[in-house]
$ cat protein_0.csv   # CSV, C-alpha atoms
chain,number,residue,atom,x,y,z
A,481,MET,CA,-1.5,-86.9,-2.8
A,482,ALA,CA,-0.2,-84.0,-4.9
A,483,ALA,CA,1.1,-80.6,-4.0
A,484,ALA,CA,0.0,-77.6,-6.1
A,485,ALA,CA,1.0,-77.7,-9.7
A,486,GLU,CA,4.2,-75.7,-10.4
A,487,PRO,CA,3.7,-72.1,-11.7
A,488,ALA,CA,6.0,-73.1,-14.7
A,489,ARG,CA,3.5,-75.7,-15.7
A,490,ILE,CA,0.6,-73.2,-15.6
A,491,LEU,CA,2.6,-70.8,-17.7
A,492,ALA,CA,3.4,-73.6,-20.2
A,493,PHE,CA,-0.3,-74.4,-20.5
A,494,HIS,CA,-1.2,-70.8,-21.2
A,495,ALA,CA,1.6,-70.6,-23.8
A,496,TRP,CA,0.3,-73.7,-25.4
A,497,LEU,CA,-3.1,-72.2,-25.7
A,498,GLU,CA,-1.8,-68.9,-27.0
A,499,ASN,CA,0.1,-70.8,-29.8
A,500,GLY,CA,-3.2,-72.2,-31.0
A,501,TYR,CA,-2.3,-75.8,-30.3
A,502,ALA,CA,-5.7,-76.5,-28.7
A,503,GLY,CA,-7.5,-76.1,-32.0
A,504,GLU,CA,-11.2,-76.2,-31.7
A,505,MET,CA,-11.1,-77.2,-28.0
A,506,GLN,CA,-12.4,-73.8,-27.0
A,507,TYR,CA,-13.6,-75.0,-23.6
A,508,LEU,CA,-9.9,-75.0,-22.6
A,509,GLU,CA,-9.5,-71.3,-23.5
A,510,LYS,CA,-12.8,-70.3,-21.9
A,511,ARG,CA,-11.8,-71.9,-18.6
A,512,ALA,CA,-8.1,-71.1,-18.8
A,513,SER,CA,-7.9,-69.0,-15.6
A,514,ALA,CA,-9.6,-71.7,-13.6
A,515,TYR,CA,-6.6,-74.0,-14.1
A,516,SER,CA,-4.5,-71.8,-11.9
A,517,HIS,CA,-5.7,-73.5,-8.7
A,518,PRO,CA,-8.0,-76.5,-7.8
A,519,SER,CA,-10.1,-74.2,-5.7
A,520,HIS,CA,-11.9,-73.3,-8.9
A,521,VAL,CA,-13.0,-76.9,-9.1
A,522,LEU,CA,-13.8,-77.3,-5.4
A,523,ASP,CA,-14.1,-74.2,-3.3
A,524,GLY,CA,-11.7,-74.4,-0.3
A,525,CYS,CA,-9.7,-77.2,-1.8
A,526,ARG,CA,-6.5,-78.0,0.1
A,527,SER,CA,-5.6,-81.4,-1.2
A,528,VAL,CA,-5.7,-83.3,-4.5
A,529,LEU,CA,-5.6,-87.1,-4.3
A,530,MET,CA,-4.4,-88.4,-7.7
A,531,LEU,CA,-5.4,-91.8,-8.9
A,532,ALA,CA,-4.4,-94.0,-11.8
A,533,LEU,CA,-6.2,-97.0,-13.3
A,534,PRO,CA,-4.3,-99.1,-15.9
A,535,TYR,CA,-6.2,-100.2,-19.0
A,536,ARG,CA,-3.8,-102.2,-21.1
A,537,THR,CA,-5.5,-105.5,-22.0
A,538,VAL,CA,-5.0,-108.1,-24.7
A,539,GLU,CA,-3.3,-106.8,-27.9
A,540,PRO,CA,-6.0,-105.3,-30.2
A,541,SER,CA,-6.3,-106.8,-33.6
A,542,VAL,CA,-7.9,-105.6,-36.8
A,543,THR,CA,-8.8,-108.4,-39.3
A,544,GLY,CA,-8.7,-106.5,-42.6
A,545,HIS,CA,-7.7,-103.3,-44.4
A,546,GLU,CA,-11.4,-102.3,-44.6
A,547,SER,CA,-11.8,-102.1,-40.8
A,548,GLY,CA,-11.3,-99.2,-38.5
A,549,LYS,CA,-8.9,-99.1,-35.6
A,550,VAL,CA,-9.9,-97.7,-32.2
A,551,ALA,CA,-7.5,-96.4,-29.5
A,552,ARG,CA,-7.0,-98.9,-26.7
A,553,TYR,CA,-8.6,-96.8,-24.1
A,554,ALA,CA,-11.9,-96.8,-25.9
A,555,LEU,CA,-12.2,-100.5,-26.7
A,556,GLY,CA,-14.1,-101.5,-23.7
A,557,GLU,CA,-17.9,-101.9,-23.7
A,558,LEU,CA,-18.4,-98.9,-21.3
A,559,ASP,CA,-17.2,-95.4,-21.3
A,560,TYR,CA,-14.2,-95.1,-18.9
A,561,HIS,CA,-15.7,-91.9,-17.5
A,562,ASP,CA,-18.7,-93.9,-16.2
A,563,VAL,CA,-16.5,-96.7,-14.8
A,564,ILE,CA,-14.2,-94.4,-12.9
A,565,HIS,CA,-16.9,-92.0,-11.7
A,566,GLU,CA,-18.6,-94.9,-10.0
A,567,ARG,CA,-15.4,-95.8,-8.2
A,568,LEU,CA,-14.8,-92.2,-7.2
A,569,LYS,CA,-18.2,-92.1,-5.6
A,570,GLN,CA,-17.2,-95.1,-3.4
A,571,LEU,CA,-14.0,-93.5,-2.4
A,572,LYS,CA,-15.8,-90.2,-1.8
A,573,ARG,CA,-18.2,-91.9,0.6
A,574,TRP,CA,-15.4,-93.7,2.3
A,575,LEU,CA,-13.6,-90.4,3.0
A,576,GLU,CA,-16.8,-88.6,4.0
A,577,GLU,CA,-17.6,-91.3,6.6
A,578,ARG,CA,-14.2,-90.9,8.2
A,579,SER,CA,-14.3,-87.1,8.1
A,580,PRO,CA,-17.9,-85.9,8.5
A,581,GLY,CA,-18.4,-82.5,7.1
A,582,ALA,CA,-15.5,-82.7,4.7
A,583,LEU,CA,-15.9,-81.3,1.2
A,584,VAL,CA,-15.0,-83.9,-1.4
A,585,ARG,CA,-15.3,-83.9,-5.2
A,586,GLY,CA,-14.2,-86.5,-7.8
A,587,VAL,CA,-13.3,-85.6,-11.4
A,588,VAL,CA,-12.3,-87.5,-14.5
A,589,ASP,CA,-10.7,-85.2,-17.2
A,590,THR,CA,-13.8,-82.9,-17.5
A,591,ALA,CA,-13.0,-80.2,-14.9
A,592,PRO,CA,-10.4,-77.4,-15.3
A,593,LEU,CA,-7.7,-79.3,-13.5
A,594,LEU,CA,-4.2,-80.1,-14.9
A,595,GLU,CA,-4.5,-83.8,-14.0
A,596,ARG,CA,-1.2,-84.8,-15.7
A,597,GLU,CA,0.8,-82.1,-13.8
A,598,PHE,CA,-0.8,-83.0,-10.5
A,599,ALA,CA,-0.2,-86.7,-11.1
A,600,GLU,CA,3.5,-86.0,-11.8
A,601,ALA,CA,3.6,-83.9,-8.6
A,602,ALA,CA,2.1,-86.8,-6.7
A,603,GLY,CA,4.8,-89.2,-7.9
A,604,LEU,CA,2.7,-91.2,-10.3
A,605,GLY,CA,5.1,-90.8,-13.2
A,606,TRP,CA,6.8,-88.3,-15.5
A,607,VAL,CA,5.7,-86.4,-18.6
A,608,GLY,CA,7.2,-88.1,-21.6
A,609,LYS,CA,8.3,-86.5,-24.9
A,610,ASN,CA,4.9,-87.5,-26.4
A,611,THR,CA,3.3,-85.3,-23.6
A,612,LEU,CA,1.7,-88.4,-21.9
A,613,LEU,CA,2.4,-89.3,-18.3
A,614,LEU,CA,4.7,-92.4,-18.1
A,615,ASN,CA,5.0,-94.8,-15.3
A,616,ARG,CA,7.8,-97.4,-15.2
A,617,ALA,CA,5.3,-100.2,-14.4
A,618,TRP,CA,2.3,-99.2,-16.5
A,619,GLY,CA,3.9,-97.3,-19.4
A,620,SER,CA,1.3,-94.7,-20.5
A,621,TYR,CA,-1.7,-97.1,-20.7
A,622,PHE,CA,-3.6,-95.8,-17.7
A,623,PHE,CA,-6.4,-93.3,-16.9
A,624,LEU,CA,-6.1,-90.5,-14.4
A,625,ALA,CA,-8.7,-89.3,-11.9
A,626,ALA,CA,-8.6,-86.9,-9.0
A,627,LEU,CA,-10.4,-86.6,-5.7
A,628,LEU,CA,-10.4,-83.0,-4.3
A,629,THR,CA,-11.0,-82.2,-0.7
A,630,ASP,CA,-10.8,-79.4,1.8
A,631,LEU,CA,-9.0,-81.7,4.2
A,632,THR,CA,-5.2,-81.3,4.7
A,633,LEU,CA,-3.5,-84.5,3.6
A,634,ASP,CA,0.1,-85.5,3.6
A,635,VAL,CA,1.9,-84.7,0.4
A,636,ASP,CA,3.8,-87.5,-1.5
A,637,PRO,CA,7.1,-86.7,-3.1
A,638,PRO,CA,7.0,-85.8,-6.8
A,639,GLN,CA,8.5,-87.9,-9.6
A,640,ASP,CA,12.2,-87.3,-9.1
A,641,LYS,CA,13.2,-87.5,-12.8
A,642,GLY,CA,12.1,-88.7,-16.3
A,643,TYR,CA,13.2,-91.8,-17.9
A,644,CYS,CA,12.9,-91.1,-21.6
A,645,GLY,CA,16.6,-90.5,-22.0
A,646,THR,CA,17.7,-89.9,-25.6
A,647,CYS,CA,14.8,-92.0,-27.1
A,648,THR,CA,12.7,-90.2,-29.7
A,649,ALA,CA,10.6,-93.1,-31.0
A,650,CYS,CA,7.3,-91.4,-30.3
A,651,LEU,CA,8.4,-88.2,-32.1
A,652,ASP,CA,9.7,-90.1,-35.1
A,653,ALA,CA,6.7,-92.3,-35.5
A,654,CYS,CA,4.0,-89.6,-35.6
A,655,PRO,CA,2.6,-89.7,-39.2
A,656,THR,CA,1.5,-86.1,-39.1
A,657,ASP,CA,4.5,-84.5,-37.3
A,658,ALA,CA,2.2,-83.3,-34.5
A,659,PHE,CA,5.1,-82.8,-32.1
A,660,VAL,CA,6.4,-79.2,-32.4
A,661,GLU,CA,9.3,-80.3,-30.2
A,662,PRO,CA,9.8,-82.9,-27.4
A,663,TYR,CA,7.1,-82.4,-24.8
A,664,VAL,CA,5.0,-80.1,-27.0
A,665,LEU,CA,2.0,-81.4,-29.0
A,666,ASP,CA,0.2,-79.4,-31.7
A,667,ALA,CA,-3.2,-81.0,-31.2
A,668,THR,CA,-4.5,-79.6,-34.5
A,669,ARG,CA,-2.2,-82.1,-36.3
A,670,CYS,CA,-2.8,-85.1,-33.9
A,671,LEU,CA,-4.9,-88.0,-35.3
A,672,SER,CA,-6.6,-88.3,-31.9
A,673,TYR,CA,-7.7,-84.7,-32.0
A,674,LEU,CA,-8.7,-84.9,-35.6
A,675,THR,CA,-10.8,-88.1,-35.3
A,676,ILE,CA,-12.5,-87.0,-32.0
A,677,GLU,CA,-12.4,-83.2,-31.3
A,678,HIS,CA,-12.3,-81.7,-34.7
A,679,ARG,CA,-15.8,-81.3,-36.1
A,680,GLY,CA,-15.4,-80.2,-39.7
A,681,PRO,CA,-13.6,-81.4,-42.9
A,682,ILE,CA,-9.9,-82.2,-42.6
A,683,ASP,CA,-7.0,-80.8,-44.6
A,684,ASP,CA,-6.1,-83.1,-47.4
A,685,LYS,CA,-2.4,-83.5,-46.3
A,686,LEU,CA,-3.5,-84.7,-42.9
A,687,ALA,CA,-6.3,-86.8,-44.2
A,688,GLU,CA,-3.8,-88.9,-46.1
A,689,HIS,CA,-2.4,-90.2,-42.9
A,690,PHE,CA,-5.6,-91.5,-41.3
A,691,ASP,CA,-4.6,-95.1,-42.4
A,692,GLN,CA,-7.2,-97.1,-40.4
A,693,TRP,CA,-7.7,-94.9,-37.3
A,694,ILE,CA,-11.4,-94.4,-36.9
A,695,PHE,CA,-11.3,-93.1,-33.3
A,696,GLY,CA,-8.1,-91.9,-31.6
A,697,CYS,CA,-4.6,-93.0,-32.3
A,698,ASP,CA,-2.0,-95.0,-30.3
A,699,ILE,CA,1.0,-94.8,-32.6
A,700,CYS,CA,3.1,-92.7,-30.2
A,701,GLN,CA,2.3,-95.1,-27.4
A,702,GLU,CA,2.8,-98.3,-29.4
A,703,VAL,CA,6.4,-97.4,-30.2
A,704,CYS,CA,7.3,-96.4,-26.6
A,705,PRO,CA,9.7,-98.8,-25.0
A,706,TRP,CA,8.0,-98.4,-21.7
A,707,ASN,CA,4.8,-99.7,-23.1
A,708,ARG,CA,6.4,-102.8,-24.3
A,709,LYS,CA,7.1,-103.6,-20.7
A,710,ALA,CA,3.8,-102.3,-19.3
A,711,LYS,CA,1.8,-104.6,-17.1
A,712,PHE,CA,-1.5,-105.9,-18.2
A,713,SER,CA,-4.6,-104.6,-16.4
A,714,GLU,CA,-6.8,-107.0,-14.5
A,715,GLU,CA,-9.8,-104.9,-15.2
A,716,THR,CA,-12.2,-107.0,-17.2
A,717,VAL,CA,-14.4,-104.0,-18.1
A,718,PHE,CA,-11.6,-102.7,-20.4
A,719,GLN,CA,-11.3,-105.9,-22.4
A,720,PRO,CA,-11.9,-105.2,-26.1
A,721,TYR,CA,-15.6,-105.3,-26.9
A,722,ALA,CA,-16.4,-107.4,-30.0
A,723,LYS,CA,-18.6,-104.7,-31.5
A,724,LEU,CA,-15.8,-102.1,-31.2
A,725,ALA,CA,-12.6,-104.1,-31.7
A,726,ASP,CA,-13.2,-104.6,-35.5
A,727,LEU,CA,-15.3,-102.0,-37.1
A,728,SER,CA,-16.3,-102.5,-40.7
A,729,ILE,CA,-15.9,-99.2,-42.6
A,730,GLU,CA,-18.7,-100.2,-45.0
A,731,GLU,CA,-21.1,-100.7,-42.1
A,732,LEU,CA,-20.1,-97.4,-40.5
A,733,LEU,CA,-20.9,-95.5,-43.7
A,734,GLN,CA,-24.4,-97.0,-43.5
A,735,LEU,CA,-25.2,-95.8,-40.0
A,736,ASN,CA,-28.3,-93.6,-39.4
A,737,GLU,CA,-28.8,-91.7,-36.2
A,738,SER,CA,-30.8,-94.6,-34.6
A,739,SER,CA,-28.3,-97.3,-35.4
A,740,PHE,CA,-25.4,-95.1,-34.3
A,741,ARG,CA,-27.1,-94.4,-31.0
A,742,GLU,CA,-27.8,-98.1,-30.5
A,743,ARG,CA,-24.2,-99.2,-31.1
A,744,PHE,CA,-22.2,-96.4,-29.5
A,745,ARG,CA,-24.4,-94.6,-26.9
A,746,HIS,CA,-22.5,-95.8,-23.8
A,747,THR,CA,-19.0,-95.9,-25.4
A,748,PRO,CA,-16.4,-93.2,-25.7
A,749,MET,CA,-17.2,-93.1,-29.4
A,750,TRP,CA,-20.4,-91.3,-28.7
A,751,ARG,CA,-18.3,-88.2,-28.5
A,752,THR,CA,-17.7,-88.0,-32.2
A,753,LYS,CA,-21.5,-88.2,-33.0
A,754,ARG,CA,-22.6,-89.9,-36.2
A,755,ARG,CA,-21.2,-87.2,-38.4
A,756,GLY,CA,-17.7,-87.6,-37.0
A,757,MET,CA,-17.7,-91.3,-37.3
A,758,ILE,CA,-18.9,-91.3,-40.9
A,759,ARG,CA,-16.5,-88.5,-41.8
A,760,ASN,CA,-13.6,-90.6,-40.4
A,761,GLY,CA,-14.8,-93.7,-42.2
A,762,MET,CA,-14.7,-91.8,-45.5
A,763,LEU,CA,-11.2,-90.5,-44.8
A,764,ILE,CA,-10.1,-94.0,-44.2
A,765,ALA,CA,-11.7,-95.1,-47.4
A,766,VAL,CA,-9.6,-92.5,-49.2
A,767,SER,CA,-6.4,-93.2,-47.3
A,768,LYS,CA,-6.7,-97.0,-48.0
A,769,ARG,CA,-8.1,-96.5,-51.6
A,770,LEU,CA,-11.3,-98.5,-50.8
A,771,VAL,CA,-12.8,-97.9,-54.2
A,772,ASN,CA,-15.4,-100.5,-53.6
A,773,LEU,CA,-17.0,-98.1,-51.1
A,774,LEU,CA,-17.5,-95.4,-53.7
A,775,PRO,CA,-21.3,-96.1,-54.0
A,776,ASN,CA,-21.7,-95.8,-50.2
A,777,ILE,CA,-19.9,-92.5,-50.3
A,778,ILE,CA,-21.9,-91.1,-53.3
A,779,ALA,CA,-25.1,-91.9,-51.4
A,780,LEU,CA,-23.8,-89.8,-48.5
A,781,GLN,CA,-23.6,-86.7,-50.7
A,782,SER,CA,-27.3,-86.2,-50.0
A,783,ASP,CA,-27.0,-86.8,-46.2
A,784,GLU,CA,-28.7,-84.3,-43.9
A,785,GLU,CA,-25.4,-83.4,-42.2
A,786,PRO,CA,-23.5,-80.7,-44.0
A,787,VAL,CA,-20.1,-82.0,-42.9
A,788,ILE,CA,-20.9,-85.5,-44.2
A,789,ARG,CA,-22.1,-84.1,-47.6
A,790,GLU,CA,-19.0,-82.0,-48.0
A,791,VAL,CA,-16.6,-84.8,-47.1
A,792,ALA,CA,-18.5,-87.2,-49.3
A,793,VAL,CA,-18.1,-85.0,-52.4
A,794,TRP,CA,-14.3,-84.7,-51.6
A,795,ALA,CA,-13.9,-88.4,-50.9
A,796,ALA,CA,-15.8,-89.5,-54.1
A,797,SER,CA,-13.6,-87.2,-56.1
A,798,ARG,CA,-10.4,-88.6,-54.7
A,799,LEU,CA,-11.5,-92.2,-55.2
A,800,SER,CA,-12.5,-91.5,-58.8
A,801,GLU,CA,-9.1,-90.2,-59.7

$ encode --input "protein_0.csv" --output "structure tokens"
Amino acid sequence: MAAAAEPARILAFHAWLENGYAGEMQYLEKRASAYSHPSHVLDGCRSVLMLALPYRTVEPSVTGHESGKVARYALGELDYHDVIHERLKQLKRWLEERSPGALVRGVVDTAPLLEREFAEAAGLGWVGKNTLLLNRAWGSYFFLAALLTDLTLDVDPPQDKGYCGTCTACLDACPTDAFVEPYVLDATRCLSYLTIEHRGPIDDKLAEHFDQWIFGCDICQEVCPWNRKAKFSEETVFQPYAKLADLSIEELLQLNESSFRERFRHTPMWRTKRRGMIRNGMLIAVSKRLVNLLPNIIALQSDEEPVIREVAVWAASRLSE
């Protein structure tokens, strides 16, 4: 159970927003004041129970240079939000049965709550130089969730210190130099942000670094020494789903709204919508010089989505050089 997030953490969050590092994630700015206290998420909140669920499974593999790579957390057949919410409901019922009349609410990274800071305050780990929470047993491959209640629970001791030491592997490996400095991420340069949150075309210099990342990016986690030692999760639901583990760029460029919905509706990749997935596919085609996909890209120049049309014109031009 976590104590309140430190005022310094709140100030750092607001400074991060003011510097424009959130990019198009305007929902953060709109709800900025609500992050000051969990009572904005649950009226009368006195305690925040922080929970972690490891998701590291078998090593992901991509068979060829014409396939897209997906961040580990999104490789399962189901969206992790749905999986965790179901378990939070069970824990919520358990607590309510033992404390009739208690107010309880479970959240998974969609409410104005600084989960990472509360998790650190609860002793679940330390914030690493790549801005992710690190745990000595799980590395950074774990989800966070919170259960808020108006009950007064005992407070666990916070993480006493960090264990990154002098290591800068994550900072050095980032292909887009998204880290302004240790512990500070400029999301507008991060491949995870660019492939998921950013809705429009992408700057040429950043697009060059897409490599094969179609959804998210794990580079700063893959090079982290703590992740080499991380335990494997026993959760079968997070095992790589065949339809997501090896995505053909050519097939993605041919998706219509119906086929996109059928394939991705209940996965994390639904968040990008069809336009984002096809845009990312074209950026990979340019990054990997997949000239054989030029006919597919030219066909997309007459797509109904403005973003797809614009990126298709750019991608066709680059591949024709």

$ residues_around --input "protein_0.csv" --residues "range 511-519 of chain A" --least-positions-apart "5" --cutoff "7 Å" --atoms "all atoms listed in the file" --output "list in words"
Ile490, Gly524, Cys525, Pro592, Leu593 and Leu594 of chain A

$ atom_distance --input "protein_0.csv" --atom1 "CA of Leu799 in chain A" --atom2 "CA of Leu770 in chain A"
7.7 Å

$ atom_distance --input "protein_0.csv" --atom1 "CA of Cys700 in chain A" --atom2 "CA of Cys654 in chain A"
6.3 Å

$ closest_residue --input "protein_0.csv" --among "A:Gly761, A:Gly556, A:Gly619, A:Gly586" --to "Ile788 in chain A" --atoms "all atoms listed in the file"
A:Gly761

$ residues_near_point --input "protein_0.csv" --point "(13.7, -91.9, -30.7)" --cutoff "12 Å" --atoms "only C-alpha atoms" --output "PyMOL selection string"
chain A and resi 608-610+644-654+662+700+703-705

$ decode --input "protein_0.csv" --residues "range 677-693 of chain A" --atoms "N, CA and C atoms" --output "mmCIF file, in the first residue's frame"
data_model
loop_
_atom_site.group_PDB
_atom_site.id
_atom_site.type_symbol
_atom_site.label_atom_id
_atom_site.label_comp_id
_atom_site.auth_asym_id
_atom_site.auth_seq_id
_atom_site.Cartn_x
_atom_site.Cartn_y
_atom_site.Cartn_z
ATOM 1 N N GLU A 677 0.347 6.858 -30.039
ATOM 2 C CA GLU A 677 -0.388 8.057 -29.630
ATOM 3 C C GLU A 677 -0.451 9.135 -30.711
ATOM 4 N N HIS A 678 0.625 9.281 -31.455
ATOM 5 C CA HIS A 678 0.674 10.327 -32.479
ATOM 6 C C HIS A 678 -0.241 9.949 -33.644
ATOM 7 N N ARG A 679 -1.085 10.875 -34.065
ATOM 8 C CA ARG A 679 -2.115 10.552 -35.058
ATOM 9 C C ARG A 679 -1.781 10.941 -36.490
ATOM 10 N N GLY A 680 -0.891 11.880 -36.677
ATOM 11 C CA GLY A 680 -0.646 12.381 -38.031
ATOM 12 C C GLY A 680 0.619 11.841 -38.656
ATOM 13 N N PRO A 681 1.075 12.493 -39.736
ATOM 14 C CA PRO A 681 2.348 12.126 -40.358
ATOM 15 C C PRO A 681 3.484 12.307 -39.350
ATOM 16 N N ILE A 682 4.644 11.740 -39.656
ATOM 17 C CA ILE A 682 5.775 11.774 -38.734
ATOM 18 C C ILE A 682 6.985 12.386 -39.418
ATOM 19 N N ASP A 683 7.708 13.199 -38.680
ATOM 20 C CA ASP A 683 8.887 13.870 -39.208
ATOM 21 C C ASP A 683 9.843 12.866 -39.863
ATOM 22 N N ASP A 684 10.381 13.250 -41.016
ATOM 23 C CA ASP A 684 11.249 12.357 -41.784
ATOM 24 C C ASP A 684 12.402 11.794 -40.959
ATOM 25 N N LYS A 685 13.047 12.649 -40.172
ATOM 26 C CA LYS A 685 14.211 12.209 -39.415
ATOM 27 C C LYS A 685 13.850 11.168 -38.357
ATOM 28 N N LEU A 686 12.645 11.252 -37.808
ATOM 29 C CA LEU A 686 12.194 10.248 -36.836
ATOM 30 C C LEU A 686 11.720 8.993 -37.556
ATOM 31 N N ALA A 687 11.067 9.178 -38.700
ATOM 32 C CA ALA A 687 10.541 8.039 -39.456
ATOM 33 C C ALA A 687 11.656 7.093 -39.890
ATOM 34 N N GLU A 688 12.845 7.631 -40.100
ATOM 35 C CA GLU A 688 13.973 6.811 -40.533
ATOM 36 C C GLU A 688 14.330 5.731 -39.514
ATOM 37 N N HIS A 689 13.949 5.930 -38.273
ATOM 38 C CA HIS A 689 14.351 5.015 -37.206
ATOM 39 C C HIS A 689 13.272 3.993 -36.831
ATOM 40 N N PHE A 690 12.223 3.915 -37.613
ATOM 41 C CA PHE A 690 11.146 2.983 -37.265
ATOM 42 C C PHE A 690 11.606 1.529 -37.328
ATOM 43 N N ASP A 691 12.604 1.250 -38.163
ATOM 44 C CA ASP A 691 13.078 -0.117 -38.316
ATOM 45 C C ASP A 691 11.873 -1.022 -38.590
ATOM 46 N N GLN A 692 11.537 -1.950 -37.657
ATOM 47 C CA GLN A 692 10.388 -2.827 -37.863
ATOM 48 C C GLN A 692 9.316 -2.654 -36.794
ATOM 49 N N TRP A 693 9.396 -1.580 -36.016
ATOM 50 C CA TRP A 693 8.427 -1.393 -34.934
ATOM 51 C C TRP A 693 7.099 -0.894 -35.485
#
